[in-house]
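Chemist: Pasting target.cif below, which is mmCIF, N, CA and C atoms.
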```cif
data_upload
loop_
_atom_site.label_atom_id
_atom_site.label_comp_id
_atom_site.auth_asym_id
_atom_site.auth_seq_id
_atom_site.Cartn_x
_atom_site.Cartn_y
_atom_site.Cartn_z
N MET A 1 0.84 -1.17 0.00
CA MET A 1 0.00 0.00 0.00
C MET A 1 0.88 1.24 0.00
N LYS A 2 0.55 2.19 -0.83
CA LYS A 2 1.34 3.42 -0.92
C LYS A 2 0.54 4.57 -0.33
N PHE A 3 1.26 5.51 0.24
CA PHE A 3 0.65 6.68 0.83
C PHE A 3 1.40 7.90 0.35
N ASP A 4 0.69 8.86 -0.18
CA ASP A 4 1.31 10.09 -0.66
C ASP A 4 1.49 11.05 0.51
N PRO A 5 2.75 11.33 0.89
CA PRO A 5 3.00 12.21 2.02
C PRO A 5 2.43 13.62 1.83
N ALA A 6 2.18 14.02 0.59
CA ALA A 6 1.62 15.35 0.34
C ALA A 6 0.15 15.45 0.79
N THR A 7 -0.45 14.32 1.10
CA THR A 7 -1.84 14.32 1.53
C THR A 7 -2.07 15.28 2.69
N TYR A 8 -1.18 15.25 3.64
CA TYR A 8 -1.35 16.11 4.81
C TYR A 8 -0.94 17.56 4.56
N GLY A 9 -0.40 17.85 3.40
CA GLY A 9 0.00 19.22 3.08
C GLY A 9 -1.17 20.17 2.98
N THR A 10 -2.33 19.67 2.55
CA THR A 10 -3.50 20.53 2.38
C THR A 10 -4.68 20.11 3.26
N TRP A 11 -4.49 19.08 4.05
CA TRP A 11 -5.58 18.56 4.86
C TRP A 11 -5.84 19.47 6.05
N GLU A 12 -7.09 19.86 6.20
CA GLU A 12 -7.48 20.69 7.34
C GLU A 12 -8.57 19.94 8.10
N PRO A 13 -8.21 19.28 9.18
CA PRO A 13 -9.22 18.53 9.93
C PRO A 13 -10.25 19.47 10.56
N GLY A 14 -11.46 18.98 10.62
CA GLY A 14 -12.53 19.75 11.25
C GLY A 14 -13.18 18.91 12.33
N ASP A 15 -13.90 19.56 13.20
CA ASP A 15 -14.60 18.87 14.27
C ASP A 15 -16.04 18.65 13.84
N LEU A 16 -16.38 17.42 13.50
CA LEU A 16 -17.72 17.10 13.02
C LEU A 16 -18.64 16.61 14.14
N ARG A 17 -18.16 16.58 15.36
CA ARG A 17 -18.98 16.09 16.46
C ARG A 17 -20.31 16.82 16.61
N PRO A 18 -20.38 18.14 16.37
CA PRO A 18 -21.68 18.82 16.52
C PRO A 18 -22.76 18.33 15.55
N VAL A 19 -22.38 17.79 14.40
CA VAL A 19 -23.40 17.35 13.44
C VAL A 19 -23.75 15.86 13.57
N LEU A 20 -23.02 15.13 14.39
CA LEU A 20 -23.30 13.70 14.54
C LEU A 20 -24.74 13.40 14.95
N PRO A 21 -25.35 14.16 15.86
CA PRO A 21 -26.73 13.84 16.26
C PRO A 21 -27.74 13.94 15.10
N GLN A 22 -27.38 14.59 14.02
CA GLN A 22 -28.27 14.73 12.87
C GLN A 22 -28.28 13.47 11.98
N ILE A 23 -27.38 12.56 12.23
CA ILE A 23 -27.30 11.33 11.43
C ILE A 23 -28.24 10.31 12.05
N ALA A 24 -29.39 10.14 11.43
CA ALA A 24 -30.44 9.29 12.00
C ALA A 24 -30.36 7.85 11.51
N ILE A 25 -29.71 7.61 10.40
CA ILE A 25 -29.67 6.25 9.86
C ILE A 25 -28.74 5.37 10.70
N PRO A 26 -28.96 4.07 10.67
CA PRO A 26 -28.06 3.17 11.41
C PRO A 26 -26.62 3.34 10.92
N THR A 27 -25.72 3.44 11.85
CA THR A 27 -24.31 3.69 11.54
C THR A 27 -23.45 2.64 12.23
N LEU A 28 -22.57 2.03 11.46
CA LEU A 28 -21.63 1.05 11.99
C LEU A 28 -20.31 1.74 12.28
N ILE A 29 -19.86 1.62 13.51
CA ILE A 29 -18.55 2.12 13.90
C ILE A 29 -17.66 0.89 14.04
N LEU A 30 -16.69 0.79 13.18
CA LEU A 30 -15.79 -0.35 13.16
C LEU A 30 -14.40 0.12 13.56
N ARG A 31 -13.85 -0.48 14.59
CA ARG A 31 -12.56 -0.03 15.14
C ARG A 31 -11.66 -1.22 15.40
N GLY A 32 -10.40 -1.06 15.07
CA GLY A 32 -9.40 -2.04 15.45
C GLY A 32 -9.08 -1.87 16.92
N ALA A 33 -9.15 -2.93 17.67
CA ALA A 33 -8.94 -2.84 19.13
C ALA A 33 -7.57 -2.28 19.48
N GLU A 34 -6.61 -2.42 18.58
CA GLU A 34 -5.25 -1.93 18.85
C GLU A 34 -4.95 -0.61 18.12
N SER A 35 -5.97 0.08 17.65
CA SER A 35 -5.77 1.31 16.89
C SER A 35 -5.11 2.39 17.73
N ILE A 36 -4.11 3.04 17.16
CA ILE A 36 -3.51 4.21 17.80
C ILE A 36 -4.07 5.49 17.18
N VAL A 37 -4.90 5.33 16.14
CA VAL A 37 -5.51 6.48 15.48
C VAL A 37 -6.86 6.81 16.11
N THR A 38 -7.67 5.79 16.32
CA THR A 38 -8.97 5.99 16.95
C THR A 38 -8.85 5.56 18.41
N SER A 39 -8.70 6.52 19.26
CA SER A 39 -8.51 6.26 20.69
C SER A 39 -9.84 5.90 21.35
N ALA A 40 -9.76 5.45 22.57
CA ALA A 40 -10.96 5.17 23.35
C ALA A 40 -11.79 6.44 23.51
N GLU A 41 -11.13 7.57 23.67
CA GLU A 41 -11.82 8.85 23.80
C GLU A 41 -12.52 9.23 22.50
N GLY A 42 -11.85 9.00 21.37
CA GLY A 42 -12.46 9.27 20.07
C GLY A 42 -13.66 8.39 19.82
N LEU A 43 -13.55 7.13 20.20
CA LEU A 43 -14.66 6.20 20.06
C LEU A 43 -15.83 6.65 20.95
N ALA A 44 -15.54 7.07 22.15
CA ALA A 44 -16.59 7.53 23.07
C ALA A 44 -17.32 8.74 22.50
N ALA A 45 -16.60 9.64 21.84
CA ALA A 45 -17.22 10.82 21.24
C ALA A 45 -18.18 10.41 20.12
N LEU A 46 -17.79 9.43 19.32
CA LEU A 46 -18.69 8.94 18.27
C LEU A 46 -19.93 8.29 18.86
N VAL A 47 -19.71 7.44 19.84
CA VAL A 47 -20.82 6.73 20.48
C VAL A 47 -21.79 7.72 21.11
N GLU A 48 -21.24 8.74 21.75
CA GLU A 48 -22.08 9.74 22.40
C GLU A 48 -22.87 10.56 21.38
N GLY A 49 -22.26 10.85 20.25
CA GLY A 49 -22.88 11.74 19.26
C GLY A 49 -23.85 11.08 18.31
N LEU A 50 -23.63 9.83 17.97
CA LEU A 50 -24.49 9.16 16.99
C LEU A 50 -25.67 8.49 17.68
N PRO A 51 -26.88 8.87 17.33
CA PRO A 51 -28.04 8.34 18.02
C PRO A 51 -28.37 6.88 17.68
N ASN A 52 -28.01 6.43 16.49
CA ASN A 52 -28.40 5.09 16.04
C ASN A 52 -27.15 4.36 15.55
N ARG A 53 -26.32 3.94 16.49
CA ARG A 53 -25.02 3.37 16.13
C ARG A 53 -24.84 1.97 16.71
N GLU A 54 -23.97 1.24 16.05
CA GLU A 54 -23.50 -0.05 16.55
C GLU A 54 -21.99 -0.02 16.50
N VAL A 55 -21.35 -0.46 17.55
CA VAL A 55 -19.89 -0.47 17.63
C VAL A 55 -19.41 -1.91 17.57
N ARG A 56 -18.43 -2.15 16.69
CA ARG A 56 -17.78 -3.46 16.62
C ARG A 56 -16.28 -3.22 16.63
N GLU A 57 -15.59 -3.95 17.47
CA GLU A 57 -14.14 -3.88 17.51
C GLU A 57 -13.58 -5.20 16.99
N ILE A 58 -12.54 -5.08 16.18
CA ILE A 58 -11.85 -6.24 15.65
C ILE A 58 -10.61 -6.46 16.51
N LYS A 59 -10.56 -7.57 17.20
CA LYS A 59 -9.41 -7.86 18.07
C LYS A 59 -8.14 -8.03 17.23
N GLY A 60 -7.07 -7.44 17.73
CA GLY A 60 -5.78 -7.55 17.05
C GLY A 60 -5.62 -6.59 15.89
N GLY A 61 -6.65 -5.85 15.56
CA GLY A 61 -6.57 -4.93 14.44
C GLY A 61 -6.08 -3.56 14.85
N SER A 62 -5.34 -2.93 13.96
CA SER A 62 -4.94 -1.55 14.22
C SER A 62 -5.88 -0.65 13.42
N HIS A 63 -5.36 0.25 12.62
CA HIS A 63 -6.21 1.19 11.90
C HIS A 63 -6.49 0.73 10.47
N MET A 64 -5.79 -0.26 9.99
CA MET A 64 -5.95 -0.72 8.60
C MET A 64 -6.69 -2.05 8.58
N LEU A 65 -7.89 -2.06 9.08
CA LEU A 65 -8.64 -3.30 9.26
C LEU A 65 -8.87 -4.05 7.96
N LEU A 66 -9.16 -3.34 6.89
CA LEU A 66 -9.42 -4.02 5.62
C LEU A 66 -8.20 -4.77 5.11
N LEU A 67 -7.02 -4.29 5.44
CA LEU A 67 -5.80 -4.97 5.02
C LEU A 67 -5.43 -6.09 6.00
N GLU A 68 -5.70 -5.88 7.27
CA GLU A 68 -5.28 -6.83 8.30
C GLU A 68 -6.26 -7.99 8.49
N HIS A 69 -7.55 -7.69 8.41
CA HIS A 69 -8.59 -8.69 8.70
C HIS A 69 -9.74 -8.58 7.69
N PRO A 70 -9.45 -8.74 6.41
CA PRO A 70 -10.50 -8.50 5.40
C PRO A 70 -11.74 -9.38 5.54
N GLU A 71 -11.56 -10.63 5.90
CA GLU A 71 -12.72 -11.53 6.01
C GLU A 71 -13.62 -11.13 7.17
N GLU A 72 -13.02 -10.80 8.30
CA GLU A 72 -13.82 -10.43 9.47
C GLU A 72 -14.53 -9.09 9.26
N VAL A 73 -13.84 -8.15 8.62
CA VAL A 73 -14.46 -6.86 8.32
C VAL A 73 -15.63 -7.06 7.36
N THR A 74 -15.41 -7.85 6.33
CA THR A 74 -16.47 -8.11 5.35
C THR A 74 -17.68 -8.74 6.01
N GLN A 75 -17.47 -9.73 6.85
CA GLN A 75 -18.58 -10.38 7.52
C GLN A 75 -19.31 -9.44 8.47
N THR A 76 -18.57 -8.59 9.16
CA THR A 76 -19.17 -7.63 10.08
C THR A 76 -20.06 -6.65 9.33
N ILE A 77 -19.58 -6.17 8.19
CA ILE A 77 -20.37 -5.23 7.39
C ILE A 77 -21.60 -5.93 6.81
N ARG A 78 -21.43 -7.15 6.32
CA ARG A 78 -22.58 -7.90 5.79
C ARG A 78 -23.64 -8.10 6.87
N ASP A 79 -23.23 -8.50 8.05
CA ASP A 79 -24.17 -8.72 9.15
C ASP A 79 -24.93 -7.43 9.49
N PHE A 80 -24.20 -6.33 9.53
CA PHE A 80 -24.81 -5.03 9.82
C PHE A 80 -25.84 -4.67 8.75
N LEU A 81 -25.46 -4.81 7.49
CA LEU A 81 -26.38 -4.46 6.40
C LEU A 81 -27.62 -5.36 6.40
N ARG A 82 -27.42 -6.64 6.64
CA ARG A 82 -28.58 -7.55 6.71
C ARG A 82 -29.52 -7.16 7.85
N ALA A 83 -28.97 -6.78 8.97
CA ALA A 83 -29.78 -6.43 10.13
C ALA A 83 -30.58 -5.14 9.91
N HIS A 84 -30.09 -4.28 9.02
CA HIS A 84 -30.73 -2.98 8.82
C HIS A 84 -31.33 -2.81 7.43
N ARG A 85 -31.47 -3.91 6.72
CA ARG A 85 -32.08 -3.85 5.38
C ARG A 85 -33.56 -3.52 5.54
N PRO A 86 -34.02 -2.54 4.76
CA PRO A 86 -35.46 -2.17 4.86
C PRO A 86 -36.38 -3.28 4.36
#
```
What would the structure in this file look like if it were written as structure tokens?

Modeler:
Amino acid sequence: MKFDPATYGTWEPGDLRPVLPQIAIPTLILRGAESIVTSAEGLAALVEGLPNREVREIKGGSHMLLLEHPEEVTQTIRDFLRAHRP
């Protein structure tokens, strides 16, 4: 996997927490249990802000879950979509 270091040259992060309560649709929060990018505090902010959320943690995963645990991520997303299919 390649990453362009220039990505962060123009990236301006914003705080989207104030708009999270407006997201009414079911939302899957998928986190690698060993992530150093999404902290426990960051996860708590998402959980607090999203009214209709489900949290799943992948054990042993860091921040690149699709590369580290593709089968488990795929199954988790499929299960979520099946559970929330209209």

Chemist: Could you name the residues that touch range 54-70 of chain A at 10 Å or less, counting only C-alpha atoms, but leaving out those on the same chain fewer than 2 positions away, as an NGL selection string?

Modeler: :A and (1 or 26-38 or 43 or 46-47 or 50-52 or 72-77 or 80)

Chemist: Report, as AutoDock Vina command-line options, the centre and edge lengths in Å (one decimal) of the axis-aligned box enclosing every listed atom of range 16-23 of chain A, padded by 6 Å on each side.

Modeler:
```
--center_x -22.3 --center_y 14.6 --center_z 14.0 --size_x 23.9 --size_y 20.5 --size_z 17.2
```

Chemist: Give the strand (DSSP E) residues of range 9-75 of chain A, as assigned by DSSP on the backbone, as a PDB file with N, CA and C atoms, keeping the file's coordinate frame.

Modeler:
```pdb
ATOM      1  N   THR A  27     -25.720   3.440  11.850  1.00  0.00           N
ATOM      2  CA  THR A  27     -24.310   3.690  11.540  1.00  0.00           C
ATOM      3  C   THR A  27     -23.450   2.640  12.230  1.00  0.00           C
ATOM      4  N   LEU A  28     -22.570   2.030  11.460  1.00  0.00           N
ATOM      5  CA  LEU A  28     -21.630   1.050  11.990  1.00  0.00           C
ATOM      6  C   LEU A  28     -20.310   1.740  12.280  1.00  0.00           C
ATOM      7  N   ILE A  29     -19.860   1.620  13.510  1.00  0.00           N
ATOM      8  CA  ILE A  29     -18.550   2.120  13.900  1.00  0.00           C
ATOM      9  C   ILE A  29     -17.660   0.890  14.040  1.00  0.00           C
ATOM     10  N   LEU A  30     -16.690   0.790  13.180  1.00  0.00           N
ATOM     11  CA  LEU A  30     -15.790  -0.350  13.160  1.00  0.00           C
ATOM     12  C   LEU A  30     -14.400   0.120  13.560  1.00  0.00           C
ATOM     13  N   ARG A  31     -13.850  -0.480  14.590  1.00  0.00           N
ATOM     14  CA  ARG A  31     -12.560  -0.030  15.140  1.00  0.00           C
ATOM     15  C   ARG A  31     -11.660  -1.220  15.400  1.00  0.00           C
ATOM     16  N   GLY A  32     -10.400  -1.060  15.070  1.00  0.00           N
ATOM     17  CA  GLY A  32      -9.400  -2.040  15.450  1.00  0.00           C
ATOM     18  C   GLY A  32      -9.080  -1.870  16.920  1.00  0.00           C
ATOM     19  N   ARG A  53     -26.320   3.940  16.490  1.00  0.00           N
ATOM     20  CA  ARG A  53     -25.020   3.370  16.130  1.00  0.00           C
ATOM     21  C   ARG A  53     -24.840   1.970  16.710  1.00  0.00           C
ATOM     22  N   GLU A  54     -23.970   1.240  16.050  1.00  0.00           N
ATOM     23  CA  GLU A  54     -23.500  -0.050  16.550  1.00  0.00           C
ATOM     24  C   GLU A  54     -21.990  -0.020  16.500  1.00  0.00           C
ATOM     25  N   VAL A  55     -21.350  -0.460  17.550  1.00  0.00           N
ATOM     26  CA  VAL A  55     -19.890  -0.470  17.630  1.00  0.00           C
ATOM     27  C   VAL A  55     -19.410  -1.910  17.570  1.00  0.00           C
ATOM     28  N   ARG A  56     -18.430  -2.150  16.690  1.00  0.00           N
ATOM     29  CA  ARG A  56     -17.780  -3.460  16.620  1.00  0.00           C
ATOM     30  C   ARG A  56     -16.280  -3.220  16.630  1.00  0.00           C
ATOM     31  N   GLU A  57     -15.590  -3.950  17.470  1.00  0.00           N
ATOM     32  CA  GLU A  57     -14.140  -3.880  17.510  1.00  0.00           C
ATOM     33  C   GLU A  57     -13.580  -5.200  16.990  1.00  0.00           C
ATOM     34  N   ILE A  58     -12.540  -5.080  16.180  1.00  0.00           N
ATOM     35  CA  ILE A  58     -11.850  -6.240  15.650  1.00  0.00           C
ATOM     36  C   ILE A  58     -10.610  -6.460  16.510  1.00  0.00           C
TER      37      ILE A  58
END
```

Chemist: Given the choices A:Ala6, A:Arg53, A:Glu71, A:Pro86, which gets closest to Ala24 in chain A if the distance is worked out from only N, CA and C atoms?

Modeler: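 Of the candidates, the smallest distance to Ala24 in chain A is held by A:Arg53.
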
Chemist: Just give me the gap between atom N of Leu16 in chain A and atom N of Ala44 in chain A in Å, one decimal is fine.

Modeler: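 That distance, rounded to one decimal, is 13.5 Å.
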
Chemist: Name the residues of range 45-79 of chain A that come out as alpha helix (DSSP H) in a backbone DSSP run; write them as a PyMOL selection string.

Modeler: chain A and resi 45-49+65-68+70-79

Chemist: Grab the atom C of Val19 in chain A to CA of Glu41 in chain A distance for me, in Å with one decimal place.

Modeler: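 Separation between atom C of Val19 in chain A and CA of Glu41 in chain A: 17.2 Å.
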
Chemist: CA of Ile23 in chain A and CA of Ala40 in chain A, how far apart in Å?

Modeler: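 Computed distance, CA of Ala40 in chain A to CA of Ile23 in chain A, equals 21.1 Å.
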
Chemist: Counting only N, CA and C atoms, figure out which residue out of A:His84, A:Asp79, A:Tyr8, A:Glu48 gets nearest to Leu20 in chain A.

Modeler: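 Ranking A:His84, A:Asp79, A:Tyr8, A:Glu48 by distance to Leu20 in chain A, first place goes to A:Glu48.
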
Chemist: I need the residue nearest Gln22 in chain A from this list: A:Asp4, A:Gly49, A:Ser39, A:Gly9. Use all atoms listed in the file for the distance.

Modeler: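 Comparing A:Asp4, A:Gly49, A:Ser39, A:Gly9 against Gln22 in chain A, the winner is A:Gly49.
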
Chemist: Hey, which of A:Glu12, A:Ile25, A:Ala83, A:Arg17 ends up closest to Ala45 in chain A? Count only N, CA and C atoms.

Modeler: A:Arg17
